[in-house]
Amino acid sequence: MPGVQRIGGRAVAVDRANIDTDQIIPAAWLKRVERSGFEAGLFGAWRDDPAFPLNRPGAAEAKILVAGDNFGCGSSREHAVWALQDFGFAAVVSPGFADIFHGNAISSGLVPAQAEAATVARMFAALAADPDAEVVVDVAARTVAIPSAGLEEPFALPDFARWRLLEGLDDVALTLRHAAAIDAFEAARPSWLPAQAPAGPAHR
Amino acid sequence: MSGRLFDKVWDRHLVVSPEGEPALLYIDLHLVHEVTSPQAFEGLELAGRPVRRPELTVATMDHDVPTIDADKPIADPLAAAQISRLRANCAAHGITLHGLGSIEQGIVHVIGPQLGLTQPGMTVVCGDSHTSTHGAFGALAFGIGTTEVEHVLATQTLRQVKPTAMAVTVDGQLGDGITAKDLVLGIIRALGVGGGVGSVIEYRGEAIRGLSMAGRMTVCNMSIEGGARAGMIAPDDTTFAYLEGRRHSPKGRQWEAALDDWRSLATDEDAQFDHEIRIDAAALRPGVTWGTNPAQSVTIDDKVPDPSSFASPAQQQAAQRALTYMGLEAGTAIRDIPVDVVFIGSCTNGRLPDLRSAADAIRGRKVSPGVRALVVPGSARVKAEAEAEGLDRVFTDAGFEWRSAGCSMCLGMNGDILTPGQRSASTSNRNFEGRQGPGGRTHLVSPGVAAATAVAGRFTTPGDL
């Protein structure tokens, strides 16, 4: 996973709260066993409306999605993150993210930029006035900006998540640094805890 | 130690808690299904990593399995490929799989408790947001994404920032005919669809203590619909009675040792929570959602709300948008809304007691002409137990379809879907736009109300029939 320092480009604004992952990627798309190829499914039902912001000329080049509060609520499907990335988005700016979506975004390298509600409201206004305005999400500085509108404000991103996004780190490799601690923990687990009998060729 | 159930379970699973990093939590049980796992296994194989603890990993197939024609090959080639991928992955990594045809196959959150795999004080994860269901046993259980599925397969641990702790205290007793589903719809109405973000809820109080394990699972299942990371209920004699004798429950001396341990998990009397909300159980009535998220609900005695009655312009717009999608007029009595489809099932309400309460409502009655009604048991075992009691005949005599186990119309992946504009009364957990099929309109209700509604053709309670 490549690291991400600074994202600059066009934005798409969807001024709705509680956008759930069933809207971001409808369930019919979850039958895929691949990790890519979800771009045509992004906001599948809402894109049937010609007025939906993703259908605006120029949206195909957008890098940043600006959305209402509690973005990504509902299902745990990481396919929602992949669909946003496949379409070309590298960051989502919102006043709040659902917990599982937030974790999935960081896992896959999509920046969840949690800005104050007032900041996001100003971004909606600026993008309504100039839909082609450049938006900048600076991961290192943790700021969002619309330079042409004179807007630059901080966003929240936990330190560890910021580091992982900047460095593009593989979480499993980070965890395996603690392999000895995991071994020690396992040795002390209560004996009544459930376990399956060995099954299949891995246990020959 | 602050002495809350959540802290006790959290603390006993801390592997390491490095400065400046999220804690590393050990995972006791990892449940796997066909939809959110293929990319995780692929990632593991690309990195050349083994599954660390296959014996703590259990798989089933539920999300896109057909619920009819169980004896025939799966007609949908994409679903068939996904299911065969799960079989291959489980075989390659030595993971126990309860596949189609097994008595233990079923919705992942139904089979875990049914097998006794879910026990108090455990950590349980699954690539499915309704993993919160298992919190009914006093386990810390939550949904994860596919990258995290891969992480758990590789390390049997998960990195987690510790959530805050919220208490939802339900005082008093539920009235006659008021179910756990009505209770949790009332809780989410009070909490809001994002009110629980960043927190683990502990459900407490007299009404919670009075719930069966099936009822507790219904409540914990929908914690995620209020945005919470997980929901938990302290284990008690109801929990222990449910667990005793199940396949994976401890036996003999181990059972006694486990009981001693489990009894120590309950939140200490002087413990404080970061947030608390209180609900009066006696004031609850059967709940029905009118909108497009699970917090947009009223009681069956109410009318569809007027968008202008909401406080903020954003809420007013959201309500107006929801009414437009749902094809509803403000001021319409809920009891006057006709339905096209009734769905009884899901990880929320697909257990044997749920099917019994639905059957009790319709015994000797007929589904209203023009209504399509289906019952999808939560697991193959639930189906067999229901048939042993004759519940299948009660449903089929009334005109219901009696299906095989799976997620089915809860999320509409397997072909069991609403057609555009169709309106359902559904015992599932989400009424998002298009959740049960593109253009479908979902109203969430309890099993009893769903069954009675199938008979009346419009929303009604069993008591009204």
# chains A, B, ... in the order shown; residues from 1 in each chain; ligands from 1
>>> residues_around(residues="stretch 113-128 of chain A", least_positions_apart="6", cutoff="7 Å", atoms="only C-alpha atoms", output="number ranges by chain")
A: 13, 91-96, 149, 153-157
>>> write_last_selection(atoms="C-alpha atoms", output="short mmCIF file (atom, residue, chain, number, x, y, z; two decimals), in the first residue's frame")
data_model
loop_
_atom_site.label_atom_id
_atom_site.label_comp_id
_atom_site.auth_asym_id
_atom_site.auth_seq_id
_atom_site.Cartn_x
_atom_site.Cartn_y
_atom_site.Cartn_z
CA ALA A 13 -19.98 17.14 -2.41
CA ALA A 91 -10.00 11.03 0.94
CA VAL A 92 -13.45 11.58 2.44
CA VAL A 93 -14.13 14.73 4.48
CA SER A 94 -17.04 14.48 6.94
CA PRO A 95 -18.00 15.72 10.42
CA GLY A 96 -18.08 12.08 11.55
CA ALA A 149 -12.23 30.21 -0.99
CA GLU A 153 -8.99 24.21 8.77
CA PRO A 154 -7.68 21.27 10.82
CA PHE A 155 -9.17 17.79 10.78
CA ALA A 156 -8.93 14.98 13.32
CA LEU A 157 -7.00 11.78 12.61
#
>>> interface_residues(of="chain B", to="chain A", cutoff="7 Å", atoms="only C-alpha atoms", output="VMD selection string")
chain B and resid 15 to 16 20 to 21 35 to 36 38 to 39 55 to 56 78 to 79 82 91 to 96 117 127 to 129 143 to 147 151 194 197 to 198 225 227 229 248 250 254 411 413 435
>>> write_last_selection(atoms="N, CA and C atoms", output="CSV table (one decimal), in the first residue's frame")
chain,number,residue,atom,x,y,z
B,15,VAL,N,-3.0,-8.0,24.8
B,15,VAL,CA,-1.7,-8.7,24.5
B,15,VAL,C,-0.6,-7.7,24.8
B,16,VAL,N,-0.6,-6.6,24.2
B,16,VAL,CA,0.3,-5.4,24.5
B,16,VAL,C,-0.5,-4.1,24.3
B,20,GLY,N,1.4,5.1,22.4
B,20,GLY,CA,1.1,5.8,21.1
B,20,GLY,C,0.5,4.9,20.1
B,21,GLU,N,0.1,3.7,20.4
B,21,GLU,CA,-0.5,2.8,19.4
B,21,GLU,C,-1.8,2.3,20.0
B,35,VAL,N,-18.7,-13.9,2.2
B,35,VAL,CA,-18.7,-12.6,1.4
B,35,VAL,C,-17.6,-11.7,1.8
B,36,THR,N,-17.2,-11.7,3.1
B,36,THR,CA,-16.1,-10.7,3.5
B,36,THR,C,-14.8,-11.4,3.7
B,38,PRO,N,-13.0,-13.7,1.1
B,38,PRO,CA,-12.1,-14.2,0.0
B,38,PRO,C,-10.9,-13.3,-0.2
B,39,GLN,N,-11.1,-11.9,-0.1
B,39,GLN,CA,-10.0,-11.0,-0.3
B,39,GLN,C,-9.0,-11.1,0.8
B,55,GLU,N,-8.0,-23.4,14.7
B,55,GLU,CA,-8.9,-24.1,15.6
B,55,GLU,C,-9.8,-23.0,16.4
B,56,LEU,N,-9.4,-21.7,16.3
B,56,LEU,CA,-10.2,-20.7,16.9
B,56,LEU,C,-11.1,-19.9,15.8
B,78,LEU,N,-22.1,-16.2,-9.7
B,78,LEU,CA,-21.2,-15.5,-8.8
B,78,LEU,C,-21.3,-16.0,-7.4
B,79,ALA,N,-22.5,-16.3,-6.9
B,79,ALA,CA,-22.7,-16.8,-5.5
B,79,ALA,C,-22.0,-18.2,-5.5
B,82,GLN,N,-18.3,-17.8,-5.2
B,82,GLN,CA,-17.9,-17.3,-3.8
B,82,GLN,C,-18.0,-18.4,-2.8
B,91,ALA,N,-10.6,-25.5,3.4
B,91,ALA,CA,-9.9,-26.8,3.2
B,91,ALA,C,-8.4,-26.5,3.3
B,92,ALA,N,-8.0,-25.5,2.6
B,92,ALA,CA,-6.5,-25.2,2.5
B,92,ALA,C,-5.9,-24.8,3.8
B,93,HIS,N,-6.7,-24.2,4.7
B,93,HIS,CA,-6.2,-23.7,5.9
B,93,HIS,C,-6.6,-24.4,7.2
B,94,GLY,N,-7.4,-25.5,7.0
B,94,GLY,CA,-7.8,-26.4,8.1
B,94,GLY,C,-8.8,-25.7,9.0
B,95,ILE,N,-9.7,-25.0,8.4
B,95,ILE,CA,-10.7,-24.3,9.1
B,95,ILE,C,-12.0,-25.1,9.1
B,96,THR,N,-12.7,-25.2,10.2
B,96,THR,CA,-14.0,-25.9,10.3
B,96,THR,C,-15.0,-25.1,9.6
B,117,LEU,N,-20.4,-21.8,21.1
B,117,LEU,CA,-19.0,-21.2,20.8
B,117,LEU,C,-18.9,-19.9,21.5
B,127,GLY,N,-16.3,-10.6,10.0
B,127,GLY,CA,-16.5,-9.6,9.0
B,127,GLY,C,-18.0,-9.3,8.7
B,128,ASP,N,-18.7,-8.9,9.7
B,128,ASP,CA,-20.1,-8.6,9.6
B,128,ASP,C,-20.5,-7.7,10.8
B,129,SER,N,-21.2,-6.6,10.5
B,129,SER,CA,-21.5,-5.6,11.6
B,129,SER,C,-22.4,-6.2,12.7
B,143,GLY,N,-18.0,-6.2,14.7
B,143,GLY,CA,-17.8,-6.4,13.3
B,143,GLY,C,-16.5,-5.8,12.8
B,144,ILE,N,-15.9,-6.4,11.8
B,144,ILE,CA,-14.6,-5.9,11.3
B,144,ILE,C,-14.6,-5.9,9.8
B,145,GLY,N,-13.7,-5.2,9.2
B,145,GLY,CA,-13.6,-5.2,7.7
B,145,GLY,C,-12.7,-6.3,7.2
B,146,THR,N,-12.6,-6.4,5.9
B,146,THR,CA,-11.9,-7.5,5.3
B,146,THR,C,-10.4,-7.5,5.6
B,147,THR,N,-9.8,-6.3,5.6
B,147,THR,CA,-8.3,-6.2,6.0
B,147,THR,C,-8.1,-6.7,7.4
B,151,HIS,N,-6.0,-9.7,9.1
B,151,HIS,CA,-5.1,-9.5,10.3
B,151,HIS,C,-5.4,-10.5,11.4
B,194,GLY,N,-26.5,7.6,14.9
B,194,GLY,CA,-25.1,7.7,15.2
B,194,GLY,C,-24.8,8.0,16.6
B,197,VAL,N,-21.8,6.0,18.3
B,197,VAL,CA,-20.4,5.9,17.6
B,197,VAL,C,-19.3,6.1,18.6
B,198,GLY,N,-18.3,5.2,18.6
B,198,GLY,CA,-17.2,5.3,19.4
B,198,GLY,C,-17.4,4.6,20.8
B,225,GLU,N,-26.9,-0.5,14.9
B,225,GLU,CA,-27.8,0.4,14.2
B,225,GLU,C,-27.9,1.8,14.9
B,227,GLY,N,-25.1,2.9,15.9
B,227,GLY,CA,-23.7,3.3,15.7
B,227,GLY,C,-22.7,2.7,16.7
B,229,ARG,N,-20.1,0.4,18.7
B,229,ARG,CA,-19.1,-0.6,18.3
B,229,ARG,C,-19.6,-2.0,18.7
B,248,HIS,N,-20.0,-26.9,22.5
B,248,HIS,CA,-18.7,-26.3,22.8
B,248,HIS,C,-18.6,-25.7,24.2
B,250,PRO,N,-18.1,-25.6,28.2
B,250,PRO,CA,-17.3,-26.4,29.1
B,250,PRO,C,-18.1,-27.5,29.8
B,254,GLN,N,-14.6,-28.2,34.4
B,254,GLN,CA,-14.3,-27.0,33.6
B,254,GLN,C,-15.6,-26.1,33.6
B,411,LEU,N,-30.7,-8.8,3.4
B,411,LEU,CA,-29.8,-7.9,2.6
B,411,LEU,C,-30.0,-8.2,1.1
B,413,MET,N,-29.0,-10.5,-1.1
B,413,MET,CA,-27.9,-10.9,-2.0
B,413,MET,C,-28.2,-12.2,-2.7
B,435,ARG,N,-32.1,-1.7,0.6
B,435,ARG,CA,-31.5,-2.8,1.4
B,435,ARG,C,-32.0,-4.2,1.0
>>> select_by_dssp(residues="chain A", states="alpha helix (DSSP H)", output="VMD selection string")
chain A and resid 21 to 24 79 to 87 99 to 108 117 to 129 159 to 167 171 to 176 179 to 187
>>> write_last_selection(atoms="C-alpha atoms", output="compact mmCIF listing (two decimals), in the first residue's frame")
# COMPACT_ATOMS: atom_id res chain seq x y z
CA THR A 21 -22.58 1.46 3.12
CA ASP A 22 -25.56 -0.09 1.30
CA GLN A 23 -25.75 3.20 -0.64
CA ILE A 24 -21.98 3.40 -1.17
CA HIS A 79 -16.03 -3.00 -0.39
CA ALA A 80 -17.42 0.49 0.34
CA VAL A 81 -13.86 1.78 0.78
CA TRP A 82 -12.62 -0.10 -2.27
CA ALA A 83 -15.47 1.30 -4.40
CA LEU A 84 -14.58 4.87 -3.39
CA GLN A 85 -10.91 4.23 -4.19
CA ASP A 86 -11.68 2.48 -7.46
CA PHE A 87 -13.67 5.53 -8.55
CA ASP A 99 -16.49 3.21 13.49
CA ILE A 100 -16.08 0.22 11.17
CA PHE A 101 -15.89 2.40 8.06
CA HIS A 102 -13.23 4.57 9.72
CA GLY A 103 -11.12 1.50 10.50
CA ASN A 104 -11.60 0.06 7.00
CA ALA A 105 -10.60 3.36 5.40
CA ILE A 106 -7.32 3.45 7.29
CA SER A 107 -6.72 -0.25 6.54
CA SER A 108 -6.99 0.38 2.81
CA ALA A 117 -19.31 20.43 11.19
CA ALA A 118 -18.85 24.18 10.57
CA THR A 119 -15.82 23.48 8.36
CA VAL A 120 -17.73 20.91 6.32
CA ALA A 121 -20.67 23.34 5.99
CA ARG A 122 -18.28 25.99 4.60
CA MET A 123 -16.85 23.42 2.18
CA PHE A 124 -20.35 22.58 0.93
CA ALA A 125 -21.00 26.29 0.38
CA ALA A 126 -17.67 26.85 -1.38
CA LEU A 127 -18.19 23.82 -3.63
CA ALA A 128 -21.76 24.90 -4.42
CA ALA A 129 -20.37 28.26 -5.56
CA ASP A 159 -1.63 9.72 15.46
CA PHE A 160 -1.19 6.03 14.75
CA ALA A 161 -3.64 6.15 11.84
CA ARG A 162 -1.86 9.21 10.44
CA TRP A 163 1.49 7.42 10.63
CA ARG A 164 0.13 4.33 8.91
CA LEU A 165 -1.40 6.41 6.10
CA LEU A 166 1.76 8.47 5.62
CA GLU A 167 3.98 5.40 5.51
CA ASP A 171 -0.68 -3.67 9.73
CA VAL A 172 0.03 -7.40 9.97
CA ALA A 173 3.78 -6.80 9.75
CA LEU A 174 3.50 -4.18 12.51
CA THR A 175 1.63 -6.62 14.72
CA LEU A 176 4.04 -9.48 14.12
CA ALA A 179 4.76 -12.18 18.10
CA ALA A 180 6.48 -13.12 21.37
CA ALA A 181 3.81 -11.32 23.38
CA ILE A 182 1.08 -13.12 21.43
CA ASP A 183 2.77 -16.47 22.13
CA ALA A 184 2.97 -15.66 25.83
CA PHE A 185 -0.66 -14.57 25.94
CA GLU A 186 -1.84 -17.74 24.23
CA ALA A 187 -0.01 -19.94 26.71
>>> closest_residue(among="A:Leu151, A:Met1, A:Leu110, A:Ala67", to="A:Val135", atoms="only C-alpha atoms")
A:Leu151
>>> residues_around(residues="stretch 266-270 of chain B", least_positions_apart="5", cutoff="10 Å", atoms="only C-alpha atoms", output="PyMOL selection string")
chain B and resi 2-8+121+138+202+204+233-236
>>> residues_around(residues="B:Arg52", least_positions_apart="6", cutoff="9 Å", atoms="only C-alpha atoms", output="NGL selection string")
:B and (152-156)
>>> atom_distance(atom1="atom CA of B:Arg430", atom2="atom CA of B:Leu444")
7.2 Å
>>> select_by_dssp(residues="chain A", states="strand (DSSP E)", output="PyMOL selection string")
chain A and resi 6-9+11-14+64-67+91-94+111-115+135-138+143-146+151-156
>>> closest_residue(among="B:Leu259, B:Val168, B:Leu25, B:Ile188", to="B:Gln119", atoms="only C-alpha atoms")
B:Leu259
>>> residues_around(residues="B:Asp274", least_positions_apart="6", cutoff="7 Å", atoms="only C-alpha atoms", output="CSV table (one decimal) with C-alpha atoms, in the first residue's frame")
chain,number,residue,atom,x,y,z
B,164,THR,CA,-15.9,4.6,25.6
B,165,ALA,CA,-18.5,2.9,27.7
B,166,MET,CA,-22.2,3.7,27.5
>>> atom_distance(atom1="atom CA of A:Ala141", atom2="atom CA of B:Pro22")
20.9 Å
>>> atom_distance(atom1="atom CA of B:Thr118", atom2="atom CA of B:Cys347")
14.5 Å
>>> residues_around(residues="B:Val376", least_positions_apart="5", cutoff="10 Å", atoms="only C-alpha atoms", output="number ranges by chain")
B: 67-68, 343-346, 349-351, 355, 382-383, 401-410
